[in-house]
Every structure is written in structure tokens, then in C-alpha cells.
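Input: a single structure, listed below in C-alpha cells.
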Amino acid sequence: MRSKKQFTGPERSLQRAWAKGAGLIDEEFERPMIAVVNTYQDFSPENFHLRHVGEAVKAGIRMAGGTPCEFNTFHVTDSETFASEGMRYVLPSRDVVTDMIELMVQGHRLDAMVLIGSGDKVMPGMVMAASRLDLPSIVVYGGPTRAGTYKGQKVFLETVYDAVGEHLRGEMSAEDLKGLEDNHFPFSGACDTATSGNTSGIYVEAMGLSLPGSGTMEAGSNYQLRSAKYAGMRIMDLLKEDVRPSKILTHDAMINAMRAGLSVGGSTNMVLHFIAMAKEAGHDISFETWDELSRQTPTLVKLAPSGPWGVTDLGTSGGVPTLMKALGDLVNPDQITVSGKTVGEISEAAKTDMSGVIAPVSAPVDSEGSIYILEGSLAPGGAVVKVSGVAPAMWDVTLTARVFEDEESAIDAIRANEITDGTCVLIRNEGTKGGPGMREMLGATSALMGAGLGETCALVTDGRFSGATHGPAIGYVTPEAARGGPIAYVADGDPIRIDLKARVLDLDVSAEELERRKAAYTPPAPTVTRGYLKFYAEHVAPASEGAVMPRWNHDGYS
């Protein structure tokens, strides 16, 4: 054990003395020392209950003969930063979480890890850390909470955000807006919709790094606390058996997890996260991989905001094990998991859903996955759209561009009733480099929906979208404006052609006109000139390469 070299023997007396200052006793140094990496914080509902989950994990570790060593990383909370400068720090936090875990666990020479995460960037960051360190690891997801209700209506994240636009248009009273706001969360946990965070809980379990059923368990429930204890106990088995992430996170395991995410209409954010996670694990996943899998994988669950079901409904219907059972031959059953069982053994023992939440492959909600990769003259490197929330009328349209240099300007124009039917709201300079930070555009899409333009207008951006986004929202346009992509040269009035069935996103401007615009183009000055975001802008990879920090090649970091 690595920790033995760090803390045992007469020459390590000072190290023990220091740890004894925190209350450790001699016997604890003789046991395996297990990192318990928590994201507890007291101002985010996804994380507020994780102090109790951490205590349960530590109890399990002690029961199985280990010494838990808990420390915190952090969660820059998406939903508290939408449509603000704070959102620029959310995606960059993923790689910092990975680095922070590496620094702490390697610095203290701990033997294994239980990673307690909640939040879309935290979860893939933890998976990346598990791959990088390759120590026995289990991920415990913080979990969703049931949707609140107000006046008989379920209240999801997007319900509140769309209601802001309705209120500003005079269609909802301040009292009712506050009623939705006050009743969104009945308990701590992630909101009960297919947000990026809940999507990550599903796909991390599907790839084998979480115990069966834990990815959809209700936050803070007795079920979750008991599962957390078992995770603490199970990490000791993984250490004893030397089961490391490199044995679990195979290419096929990643494909299994991608199919699970596609089948539930998961967030578009998982596209770039899988590219990043695959790089850490030594695999190659790209936009092309996503396009191929989406064409092959049916949508089996219509989760909110694209459907009526909450993530907790998926959990009570059997969760990820039943979902994998429903996917059948589309998943590789031989992949091992942290439970000690294979994917096939887990799904074979899972119940069959009788509630109607999970459709059978023979009669799917949709014959394809919900995430499409578009290409064309506006996005030669690709773009991403979640089609499950797009109205039929918007699947094949030519719209007129209205160009904005940032999200705030677009929101102001939408709320000032300056956007008319048939408009393509195009927001640029919001990519990984140009933002910097690649903000999520939920504020803009919600403003469109709240203004009643969700079936007549589209939003196209080199920024990102939240899992709660619905309506015609096309993001991750590559190359981004700051890297010289065609989106930099779009002008007001340009025709933008969207054909989702053909997976096309075109700028209908002649090549000669585009070259003229390039020659006359002056890039905007950097919006950030100091601090972490300046460093990020100088080094981050494009979205199509996973937005990893620093740039990655197959021989390692460069």
C-alpha cells in the first residue's frame, strides 16, 4: 500500500504526528487509507446533502477495515451562473477538479478513492481523475430530487426559467413566478430533469464506475445512504482485488455508457465530456463516433424537458440496470463493473419496467438517439443538437440570421420583442477560446421559449447548451469564431439552412462573399486579460476535441 510508505516506520514519525493532530490514531495508519473526495457545499442543492453521503461512505470504509481520508473539491454550479459572467468558469472547472484530485491523492499517497460528485462538470472530472491515477475507484452520484409542484403543475428547472420570459411578457404574475421559484426544490438534490448532471449520473453507472442503481437514486434518501455505505465497503474489495479503472473503462464500456445517455435523451454536454474522458482513458471518441451511435441507438425514455418523466421516475422504474436490459444486444454484456458483476449479470437480474417509463427496443420513443451531429458550410467541424425538443416545423427550414456577439445581447433583444418569426438567433464568440469558457446558453433558449418563439426561431452558437435546454438549439459550432470558423463571418440577414434529418447546417452565402468578409474581418479584443480564464483561452482545446486542458495528444500532455 502506498500509504504505508507515507505513514509507517520510525522515519515517518513527523508525518504521523501531523496527522495525529487531526485526531488519527496509530491503528489507522496500519489500515489502507482511502480518499473520500466530496463536493459538499452549503449553497447548491445538488451538493447540500453530500456531507451525510460522505459520512455514510466513511462508515462503510471503516466497517471494511479501512481509514477514510475525506477532503473537498468543488462544484461551480451551472444553474446559479446562467446568463452571467460566472458561467465562463463552469466548463473550465472540470479539468481543475481532475487536477485537484490528482494533487491531493498523489501528494498524500492514498490507496484508493471514493468520489462523491454532483454536477455536470464534477462527474466527468472525477472520471478523468480515476483514469489518470488508475487507483481503485468508485463514483457515488449525488442524485436527483423529485420535481416540486405548484398549483398542480410539476416544476422543473426549465419551468422556472421559461416562466421568466412569460412574466416579462405580462403573461404570468410576479406571485406565480415566485410560487414556481419557491416550490422548485422540495428537497436537496439535482432537479428532476435530464440536466447534464443527471445525465452524468446515468452514464457513469452505465460505464461501470458506480454501484448498480445508484445513478438515479433520490438524493439524501435512505436508499442512497445505504448504497453509499456499500460503496465504502466495496472500495476495500477493489483494493484487495486490484481492480483499477483501467480494467473497467474500456472502449466498449464507454460505448455502453454513450448508448445509455442517448437512449434517455441526455444532455448535449456529454458529447464533449466523453471525448475528454476517453482521452484520459486512452481511447478515441469523436463527433463521428457520436453520429454513428446516435443513428443506431433508439430513444427509450422521454425525460423532461423533452418528455413527461423525471429522472426519479426512471429510478423507480428500474434505473440504469433496467435501461441496459431494455437496450439488450446494443450493449456489450461482458464489461466488468465496480460491483464485481458484469453489465450482463446486472441487467439480467434487473426487473422489467412495467410502468411505461422505459419503452422496449421493439417500440421505441424514437428509432434514433436524441443527439445529432450536424455538418455543413456553417459548421465544417461539426455542431451538436438535441432533437427531442425540436418542433416538427423546425426540422427543415431556412431562417434569417440575427447576429449577436454574446448571450446577454441576444437575451436583451428577445425580451425587447426585436426577434420575429423565421429568425436564426446566432450567438458567437462563446466558444472555449473565444468566450472564454464556452458558456451554456440556457438563458437565451429559455428567453426564446418564454417569448413564444420556440417553434418559429432557432438558436445557433459556438457556445454550449444545458441538459434543460429545449427547442431548436444548435451548439458547439466548430470551428468557433475565435478559431476562424465561418460563424465569425455571418452577417445579419444571411440565410441559415437547417436540415436535421439530413444533419446539415449551412450558411447560404457564396464562397466569394465569404472570402471578402474574411479579408475585412477584425477579431474582437480578448474579453479576459488576466487570471485563470486568460490561461484557459490560451491553452484549451476546441469543443470537438473535448475542451481538454492542456492540449492532448496520444502520447500524453503537451
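Here's how to read the names in the C-alpha cells: chain A, B, ... by the order shown, residue numbers from 1 in each chain, ligand numbers from 1 in the order shown.
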### Task
Find the spatial neighbours of Phe287 (chain A), counting only C-alpha atoms, within a cut-off of 8 Å - ignore same-chain residues fewer than 3 positions away - and output them as a ChimeraX atom specification.
/A:271,290-291,373,382,544
### Message
Please return, as a VMD selection string, all residues of region 11-257 of chain A that DSSP assigns to helix (DSSP H, G or I) on the basis of the backbone.
### Response
chain A and resid 11 to 20 26 to 29 45 to 48 50 to 63 78 to 80 85 to 108 122 to 133 157 to 168 174 to 182 196 to 206 214 to 216 222 to 241 245 to 248 251 to 257
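Nearest residue to Val385 (chain A), choosing from A:Ala410, A:Ile498, A:Val357, A:Ala190 and counting only C-alpha atoms: A:Ile498.
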### Task
Just the residues within 9 Å of Glu158 (chain A), please, counting only C-alpha atoms, with nothing from its chain fewer than 4 positions along; format it as a VMD selection string.
chain A and resid 162 to 163 193 304 to 305 442 446 468 to 470
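Among the candidates A:Ser137, A:Thr39, A:Thr216, A:Asn429, the one nearest to Ala112 (chain A) when counting only C-alpha atoms is A:Ser137.
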### Query
So how many Å separate CA of Ala130 (chain A) and CA of Gln296 (chain A), to one decimal?
29.2 Å
### Query
Which distance in Å separates CA of Ile101 (chain A) and CA of Pro245 (chain A), to one decimal?
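CA of Pro245 (chain A) lies at a distance of 15.0 Å from CA of Ile101 (chain A).
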### Residue set, region 156-383 of chain A restricted to strand (DSSP E or B), as an MDAnalysis selection string
chainID A and resid 190 299 303 309 336 342 366 371:376 379:383
